[in-house]
Amino acid sequence: MRVVIIGAGWSGCAAAIEAKKFADEVILLERTDLVLGCGNVGGIMRNNGRYTAAEELIAMGGGELIKTCDENATHKNLNFPGHEGATLYNVCTIEGSVRRFLLKSGIDLRLISRVLDVVTKNKKIKKVLLSNGDEIEGDVFIETTGSTGPMGNCLKYGNGCAMCVLRCPTFGGRVSIAEKAGGRDFSGERENGNIGAFSGSCKLDKGTINKSIVEDVERDGVKIIKLSKEDINMDKLKNKVCQQYALKEFAENLVLLDTGHIKLMTYYYPLEKLRKIEGFENVKFIDPYSGGMGNSVRFVSVTKRDDYMNAIGVDNLFLGGEKSGLIVGHTEAMVSGTLAGYNAVRYALGKELFKIPNNSLLGDFISYSNNIDNFKDSRVKRYTFSGAEYFARMKELGFYSRNNDEISLRIEKLGLKDIFNKI
């Protein structure tokens, strides 16, 4: 059995790890020279309901990457506006840790391998075609290419190429494999009807910030600096991809987190205005380099799928991460990627596909985030365990818990204990 995965962000890595438990050969294709994609500038785990989701995934046997993030933590059980109990992982060390885990697991990781097209027959992908001329056949395919890029989309729907961690000018833009194979793509929207949404944060160079501020952030994990009234802009919250961070506190203050670099919790901030704040006179952006004017635009290419993570219209293609819905976050990507990897193997073996029951948090999330055509203004919504509409829903349904024993017992009673380690 050969499983071919396109895209090595958090979701693609989770899918590869899951598939390799059962498949003879797992090929993970990544167009850049790094795995993890946006995970290289992310850094936030276990905040709010993501804690419950992480522990459910671990109890189900799919928590390898959760544990890797915990091992690379800079701070644990951290609180900041609207969020409790967060773990911050070190974005400077996480990529190497995950890459080593993938290779140790026997996954055939192929970097700088950009997929341009597919060959299909009878609603199935037979092989993918790479930019270097290679052709890779497979029994089943998983697409986790994300929803950002190529450059034209950031120009059309944002403020131009922001020179973000995805580095489309160097490695080429994302290509929708699902659409090439006959799937149905759609775009998320903002409240004003514009396509997509801006990535929600930036990275600042510690060496360009006042030493005492850096020391505060490194010691406490978070520092909040109140802005003057003339610098407050509430309207910018409407453009953020991360609705769980679209709180007034993120417009009224600079919220800084220690994730190896200094994480600034806003999608961009005019450089000249930022440098007028005491302690930031020499500040520079690390990601995106154009963080004084713009950021990457996400959710411009999402594919319709079912609750098994199977792409609608393509029998042997499964989806994970932002490619699979208007879902936000690393934990969310790992959950969807793990299920995609599991069902890809079941499909290749001719077994019935597995649906996580809706009386678990993860099952409800996969199903609820898939009702894109059933809700008014559904393409404006974003789904995450850490805030906004879905966090409220999980609390109403009684899913939210930070008690590991309680979470594990619930999974065991549902017959889902270590399900992702069985086939």
# chains A, B, ... in the order shown; residues from 1 in each chain; ligands from 1
>>> closest_atom_pairs(of="stretch 61-114 of chain A", to="stretch 52-56 of chain A", cutoff="9 Å", atoms="only C-alpha atoms", output="Markdown table")
| residue | atom | partner | partner_atom | distance |
| --- | --- | --- | --- | --- |
| A:Gly61 | CA | A:Glu56 | CA | 8.7 |
| A:Gly62 | CA | A:Glu56 | CA | 8.8 |
| A:Gly63 | CA | A:Ala54 | CA | 7.1 |
| A:Ile66 | CA | A:Ala54 | CA | 6.6 |
>>> write_last_selection(atoms="all heavy atoms", output="CSV table (one decimal), in the first residue's frame")
chain,number,residue,atom,x,y,z
A,61,GLY,N,-5.2,7.7,20.7
A,61,GLY,CA,-4.0,7.1,20.1
A,61,GLY,C,-3.4,7.9,19.0
A,61,GLY,O,-2.5,7.4,18.3
A,62,GLY,N,-3.8,9.1,18.9
A,62,GLY,CA,-3.2,10.0,17.8
A,62,GLY,C,-2.5,11.2,18.3
A,62,GLY,O,-2.5,12.2,17.5
A,63,GLY,N,-1.9,11.2,19.4
A,63,GLY,CA,-1.4,12.4,20.0
A,63,GLY,C,0.1,12.6,19.9
A,63,GLY,O,0.7,13.4,20.7
A,66,ILE,N,1.1,16.3,19.6
A,66,ILE,CA,0.7,17.0,20.8
A,66,ILE,C,1.9,16.9,21.8
A,66,ILE,O,2.4,17.8,22.4
A,66,ILE,CB,-0.6,16.5,21.4
A,66,ILE,CG1,-1.8,16.6,20.5
A,66,ILE,CG2,-0.8,17.2,22.8
A,66,ILE,CD1,-2.2,18.0,20.2
>>> closest_atom_pairs(of="stretch 261-366 of chain A", to="stretch 412-420 of chain A", cutoff="10 Å", atoms="only C-alpha atoms", output="Markdown table")
| residue | atom | partner | partner_atom | distance |
| --- | --- | --- | --- | --- |
| A:Thr338 | CA | A:Phe420 | CA | 8.0 |
| A:Leu339 | CA | A:Phe420 | CA | 8.2 |
| A:Gly341 | CA | A:Phe420 | CA | 9.5 |
| A:Tyr342 | CA | A:Phe420 | CA | 6.8 |
| A:Asn343 | CA | A:Phe420 | CA | 9.9 |
| A:Phe354 | CA | A:Ile419 | CA | 9.9 |
| A:Ile356 | CA | A:Leu416 | CA | 8.5 |
| A:Pro357 | CA | A:Leu414 | CA | 8.3 |
| A:Asn359 | CA | A:Leu414 | CA | 8.1 |
| A:Ser360 | CA | A:Leu414 | CA | 7.9 |
>>> closest_residue(among="A:Asn153, A:Thr74, A:Thr170, A:Thr148", to="A:Arg114", atoms="only C-alpha atoms")
A:Thr170
>>> select_by_dssp(residues="stretch 146-377 of chain A", states="alpha helix (DSSP H)", output="PyMOL selection string")
chain A and resi 151-157+168-171+177-181+211-220+249-252+271-274+330-348+361-368
>>> closest_residue(among="A:Ile142, A:Leu264, A:Cys13, A:Ala178", to="A:Lys206", atoms="only C-alpha atoms")
A:Leu264
>>> select_by_dssp(residues="stretch 87-185 of chain A", states="strand (DSSP E or B)", output="PyMOL selection string")
chain A and resi 87-89+108-110+115-121+124-130+135-137+140-143+185
>>> residues_around(residues="stretch 384-393 of chain A", least_positions_apart="4", cutoff="12 Å", atoms="only C-alpha atoms", output="count of residues only")
52
>>> atom_distance(atom1="atom CA of A:Ser187", atom2="atom CA of A:Phe171")
23.1 Å
>>> residues_around(residues="A:Ser176", least_positions_apart="3", cutoff="9 Å", atoms="only C-alpha atoms", output="PDB file with all heavy atoms, in the first residue's frame")
ATOM      1  N   LEU A 116       2.064  19.840  -9.105  1.00  0.00           N
ATOM      2  CA  LEU A 116       1.402  20.775 -10.011  1.00  0.00           C
ATOM      3  C   LEU A 116       0.088  20.252 -10.563  1.00  0.00           C
ATOM      4  O   LEU A 116      -0.815  21.021 -10.863  1.00  0.00           O
ATOM      5  CB  LEU A 116       2.328  21.104 -11.191  1.00  0.00           C
ATOM      6  CG  LEU A 116       3.574  21.915 -10.906  1.00  0.00           C
ATOM      7  CD1 LEU A 116       4.338  22.155 -12.206  1.00  0.00           C
ATOM      8  CD2 LEU A 116       3.213  23.251 -10.269  1.00  0.00           C
ATOM      9  N   ASP A 117      -0.019  18.916 -10.720  1.00  0.00           N
ATOM     10  CA  ASP A 117      -1.196  18.382 -11.406  1.00  0.00           C
ATOM     11  C   ASP A 117      -1.393  16.923 -11.020  1.00  0.00           C
ATOM     12  O   ASP A 117      -0.563  16.332 -10.310  1.00  0.00           O
ATOM     13  CB  ASP A 117      -1.023  18.507 -12.921  1.00  0.00           C
ATOM     14  CG  ASP A 117      -2.361  18.668 -13.654  1.00  0.00           C
ATOM     15  OD1 ASP A 117      -3.407  18.351 -13.054  1.00  0.00           O
ATOM     16  OD2 ASP A 117      -2.341  19.094 -14.815  1.00  0.00           O
ATOM     17  N   GLU A 143      -4.642  15.363   0.751  1.00  0.00           N
ATOM     18  CA  GLU A 143      -4.211  16.734   0.488  1.00  0.00           C
ATOM     19  C   GLU A 143      -4.328  17.577   1.740  1.00  0.00           C
ATOM     20  O   GLU A 143      -5.399  17.694   2.340  1.00  0.00           O
ATOM     21  CB  GLU A 143      -5.030  17.397  -0.633  1.00  0.00           C
ATOM     22  CG  GLU A 143      -4.498  18.794  -0.918  1.00  0.00           C
ATOM     23  CD  GLU A 143      -5.251  19.548  -2.001  1.00  0.00           C
ATOM     24  OE1 GLU A 143      -6.258  19.031  -2.518  1.00  0.00           O
ATOM     25  OE2 GLU A 143      -4.812  20.679  -2.319  1.00  0.00           O
ATOM     26  N   THR A 145      -2.685  20.890   1.756  1.00  0.00           N
ATOM     27  CA  THR A 145      -1.894  21.993   1.210  1.00  0.00           C
ATOM     28  C   THR A 145      -2.226  23.347   1.823  1.00  0.00           C
ATOM     29  O   THR A 145      -1.645  24.359   1.438  1.00  0.00           O
ATOM     30  CB  THR A 145      -2.094  22.091  -0.318  1.00  0.00           C
ATOM     31  OG1 THR A 145      -3.492  22.255  -0.587  1.00  0.00           O
ATOM     32  CG2 THR A 145      -1.588  20.844  -1.016  1.00  0.00           C
ATOM     33  N   GLY A 146      -3.160  23.390   2.744  1.00  0.00           N
ATOM     34  CA  GLY A 146      -3.553  24.659   3.332  1.00  0.00           C
ATOM     35  C   GLY A 146      -4.459  25.451   2.409  1.00  0.00           C
ATOM     36  O   GLY A 146      -4.975  24.931   1.420  1.00  0.00           O
ATOM     37  N   SER A 147      -4.659  26.713   2.734  1.00  0.00           N
ATOM     38  CA  SER A 147      -5.623  27.521   1.983  1.00  0.00           C
ATOM     39  C   SER A 147      -5.061  28.884   1.612  1.00  0.00           C
ATOM     40  O   SER A 147      -5.796  29.776   1.211  1.00  0.00           O
ATOM     41  CB  SER A 147      -6.906  27.695   2.809  1.00  0.00           C
ATOM     42  OG  SER A 147      -6.633  28.416   4.000  1.00  0.00           O
ATOM     43  N   GLU A 179      -9.123  20.298  -6.551  1.00  0.00           N
ATOM     44  CA  GLU A 179      -9.780  20.931  -7.688  1.00  0.00           C
ATOM     45  C   GLU A 179      -9.274  20.344  -9.006  1.00  0.00           C
ATOM     46  O   GLU A 179     -10.043  20.129  -9.943  1.00  0.00           O
ATOM     47  CB  GLU A 179      -9.545  22.440  -7.645  1.00  0.00           C
ATOM     48  CG  GLU A 179     -10.447  23.222  -8.589  1.00  0.00           C
ATOM     49  CD  GLU A 179     -10.382  24.710  -8.300  1.00  0.00           C
ATOM     50  OE1 GLU A 179      -9.272  25.238  -8.136  1.00  0.00           O
ATOM     51  OE2 GLU A 179     -11.448  25.343  -8.243  1.00  0.00           O
ATOM     52  N   LYS A 180      -7.985  20.072  -9.079  1.00  0.00           N
ATOM     53  CA  LYS A 180      -7.413  19.452 -10.275  1.00  0.00           C
ATOM     54  C   LYS A 180      -8.031  18.071 -10.525  1.00  0.00           C
ATOM     55  O   LYS A 180      -8.185  17.640 -11.672  1.00  0.00           O
ATOM     56  CB  LYS A 180      -5.903  19.296 -10.119  1.00  0.00           C
ATOM     57  CG  LYS A 180      -5.122  20.607 -10.094  1.00  0.00           C
ATOM     58  CD  LYS A 180      -4.890  21.145 -11.480  1.00  0.00           C
ATOM     59  CE  LYS A 180      -3.973  22.355 -11.460  1.00  0.00           C
ATOM     60  NZ  LYS A 180      -3.761  22.918 -12.824  1.00  0.00           N
ATOM     61  N   ALA A 181      -8.392  17.402  -9.430  1.00  0.00           N
ATOM     62  CA  ALA A 181      -8.916  16.033  -9.548  1.00  0.00           C
ATOM     63  C   ALA A 181     -10.430  15.975  -9.694  1.00  0.00           C
ATOM     64  O   ALA A 181     -10.999  14.891  -9.815  1.00  0.00           O
ATOM     65  CB  ALA A 181      -8.490  15.215  -8.333  1.00  0.00           C
ATOM     66  N   ASP A 185     -14.136  23.229  -4.755  1.00  0.00           N
ATOM     67  CA  ASP A 185     -13.491  24.207  -3.882  1.00  0.00           C
ATOM     68  C   ASP A 185     -14.400  25.406  -3.629  1.00  0.00           C
ATOM     69  O   ASP A 185     -15.248  25.748  -4.465  1.00  0.00           O
ATOM     70  CB  ASP A 185     -12.180  24.693  -4.504  1.00  0.00           C
ATOM     71  CG  ASP A 185     -11.031  23.731  -4.255  1.00  0.00           C
ATOM     72  OD1 ASP A 185     -11.294  22.594  -3.816  1.00  0.00           O
ATOM     73  OD2 ASP A 185      -9.872  24.109  -4.499  1.00  0.00           O
ATOM     74  N   SER A 301      -8.987  28.750  -0.589  1.00  0.00           N
ATOM     75  CA  SER A 301      -9.179  27.510  -1.342  1.00  0.00           C
ATOM     76  C   SER A 301      -9.425  26.360  -0.384  1.00  0.00           C
ATOM     77  O   SER A 301      -8.492  25.744   0.130  1.00  0.00           O
ATOM     78  CB  SER A 301      -7.955  27.211  -2.212  1.00  0.00           C
ATOM     79  OG  SER A 301      -8.127  26.008  -2.925  1.00  0.00           O
ATOM     80  N   VAL A 302     -10.703  26.086  -0.128  1.00  0.00           N
ATOM     81  CA  VAL A 302     -11.124  25.006   0.767  1.00  0.00           C
ATOM     82  C   VAL A 302     -11.960  24.033  -0.050  1.00  0.00           C
ATOM     83  O   VAL A 302     -12.715  24.447  -0.936  1.00  0.00           O
ATOM     84  CB  VAL A 302     -11.944  25.569   1.948  1.00  0.00           C
ATOM     85  CG1 VAL A 302     -12.374  24.464   2.895  1.00  0.00           C
ATOM     86  CG2 VAL A 302     -11.149  26.643   2.682  1.00  0.00           C
ATOM     87  N   THR A 303     -11.826  22.744   0.228  1.00  0.00           N
ATOM     88  CA  THR A 303     -12.530  21.729  -0.562  1.00  0.00           C
ATOM     89  C   THR A 303     -13.636  21.066   0.243  1.00  0.00           C
ATOM     90  O   THR A 303     -13.460  20.753   1.426  1.00  0.00           O
ATOM     91  CB  THR A 303     -11.541  20.645  -1.053  1.00  0.00           C
ATOM     92  OG1 THR A 303     -10.521  21.269  -1.831  1.00  0.00           O
ATOM     93  CG2 THR A 303     -12.250  19.608  -1.903  1.00  0.00           C
ATOM     94  N   LYS A 323      -7.401  22.996   4.375  1.00  0.00           N
ATOM     95  CA  LYS A 323      -7.921  22.534   3.092  1.00  0.00           C
ATOM     96  C   LYS A 323      -9.262  21.829   3.270  1.00  0.00           C
ATOM     97  O   LYS A 323     -10.064  21.757   2.335  1.00  0.00           O
ATOM     98  CB  LYS A 323      -6.907  21.590   2.431  1.00  0.00           C
ATOM     99  CG  LYS A 323      -7.249  21.208   1.003  1.00  0.00           C
ATOM    100  CD  LYS A 323      -7.259  22.422   0.083  1.00  0.00           C
ATOM    101  CE  LYS A 323      -7.712  22.064  -1.324  1.00  0.00           C
ATOM    102  NZ  LYS A 323      -7.939  23.261  -2.146  1.00  0.00           N
TER     103      LYS A 323
END
>>> residues_around(residues="A:Ala23", least_positions_apart="3", cutoff="9 Å", atoms="only C-alpha atoms", output="PDB file with all heavy atoms, in the first residue's frame")
ATOM      1  N   MET A   1       0.834  -1.194   0.000  1.00  0.00           N
ATOM      2  CA  MET A   1       0.000   0.000   0.000  1.00  0.00           C
ATOM      3  C   MET A   1       0.868   1.242   0.000  1.00  0.00           C
ATOM      4  O   MET A   1       1.790   1.355   0.804  1.00  0.00           O
ATOM      5  CB  MET A   1      -0.900   0.016   1.244  1.00  0.00           C
ATOM      6  CG  MET A   1      -1.864   1.173   1.305  1.00  0.00           C
ATOM      7  SD  MET A   1      -2.442   1.506   2.978  1.00  0.00           S
ATOM      8  CE  MET A   1      -2.921  -0.127   3.518  1.00  0.00           C
ATOM      9  N   ARG A   2       0.587   2.174  -0.878  1.00  0.00           N
ATOM     10  CA  ARG A   2       1.314   3.436  -0.902  1.00  0.00           C
ATOM     11  C   ARG A   2       0.341   4.586  -0.672  1.00  0.00           C
ATOM     12  O   ARG A   2      -0.608   4.778  -1.433  1.00  0.00           O
ATOM     13  CB  ARG A   2       2.039   3.635  -2.234  1.00  0.00           C
ATOM     14  CG  ARG A   2       2.716   5.011  -2.339  1.00  0.00           C
ATOM     15  CD  ARG A   2       3.356   5.244  -3.683  1.00  0.00           C
ATOM     16  NE  ARG A   2       4.646   4.574  -3.788  1.00  0.00           N
ATOM     17  CZ  ARG A   2       5.444   4.671  -4.845  1.00  0.00           C
ATOM     18  NH1 ARG A   2       5.054   5.386  -5.907  1.00  0.00           N
ATOM     19  NH2 ARG A   2       6.601   4.056  -4.860  1.00  0.00           N
ATOM     20  N   VAL A   3       0.605   5.349   0.385  1.00  0.00           N
ATOM     21  CA  VAL A   3      -0.163   6.547   0.708  1.00  0.00           C
ATOM     22  C   VAL A   3       0.686   7.754   0.347  1.00  0.00           C
ATOM     23  O   VAL A   3       1.836   7.856   0.784  1.00  0.00           O
ATOM     24  CB  VAL A   3      -0.537   6.586   2.201  1.00  0.00           C
ATOM     25  CG1 VAL A   3      -1.357   7.843   2.507  1.00  0.00           C
ATOM     26  CG2 VAL A   3      -1.292   5.332   2.607  1.00  0.00           C
ATOM     27  N   ALA A  19      -0.905   7.257   9.058  1.00  0.00           N
ATOM     28  CA  ALA A  19      -0.915   6.281   7.958  1.00  0.00           C
ATOM     29  C   ALA A  19       0.232   5.292   8.082  1.00  0.00           C
ATOM     30  O   ALA A  19       0.079   4.101   7.771  1.00  0.00           O
ATOM     31  CB  ALA A  19      -0.851   7.013   6.623  1.00  0.00           C
ATOM     32  N   LYS A  20       1.392   5.753   8.558  1.00  0.00           N
ATOM     33  CA  LYS A  20       2.571   4.883   8.600  1.00  0.00           C
ATOM     34  C   LYS A  20       2.433   3.776   9.637  1.00  0.00           C
ATOM     35  O   LYS A  20       3.161   2.776   9.598  1.00  0.00           O
ATOM     36  CB  LYS A  20       3.836   5.704   8.890  1.00  0.00           C
ATOM     37  CG  LYS A  20       5.131   4.937   8.643  1.00  0.00           C
ATOM     38  CD  LYS A  20       5.256   4.566   7.157  1.00  0.00           C
ATOM     39  CE  LYS A  20       6.500   3.753   6.849  1.00  0.00           C
ATOM     40  NZ  LYS A  20       6.479   2.370   7.301  1.00  0.00           N
ATOM     41  N   VAL A  26       4.647   5.395   2.960  1.00  0.00           N
ATOM     42  CA  VAL A  26       4.013   6.708   3.085  1.00  0.00           C
ATOM     43  C   VAL A  26       4.990   7.747   2.541  1.00  0.00           C
ATOM     44  O   VAL A  26       6.105   7.896   3.045  1.00  0.00           O
ATOM     45  CB  VAL A  26       3.652   7.036   4.545  1.00  0.00           C
ATOM     46  CG1 VAL A  26       3.130   8.470   4.652  1.00  0.00           C
ATOM     47  CG2 VAL A  26       2.615   6.057   5.074  1.00  0.00           C
ATOM     48  N   VAL A 345      -5.952   4.868   4.918  1.00  0.00           N
ATOM     49  CA  VAL A 345      -5.502   3.478   5.024  1.00  0.00           C
ATOM     50  C   VAL A 345      -6.688   2.527   4.964  1.00  0.00           C
ATOM     51  O   VAL A 345      -6.641   1.490   4.276  1.00  0.00           O
ATOM     52  CB  VAL A 345      -4.700   3.278   6.326  1.00  0.00           C
ATOM     53  CG1 VAL A 345      -4.429   1.800   6.561  1.00  0.00           C
ATOM     54  CG2 VAL A 345      -3.394   4.049   6.266  1.00  0.00           C
TER      55      VAL A 345
END
>>> atom_distance(atom1="atom CA of A:Glu95", atom2="atom CA of A:Asp205")
18.5 Å
>>> atom_distance(atom1="atom CA of A:Leu349", atom2="atom CA of A:Asp24")
11.6 Å
>>> closest_residue(among="A:Ala197, A:Leu166, A:Cys154, A:Ala251", to="A:Lys381", atoms="only C-alpha atoms")
A:Ala197
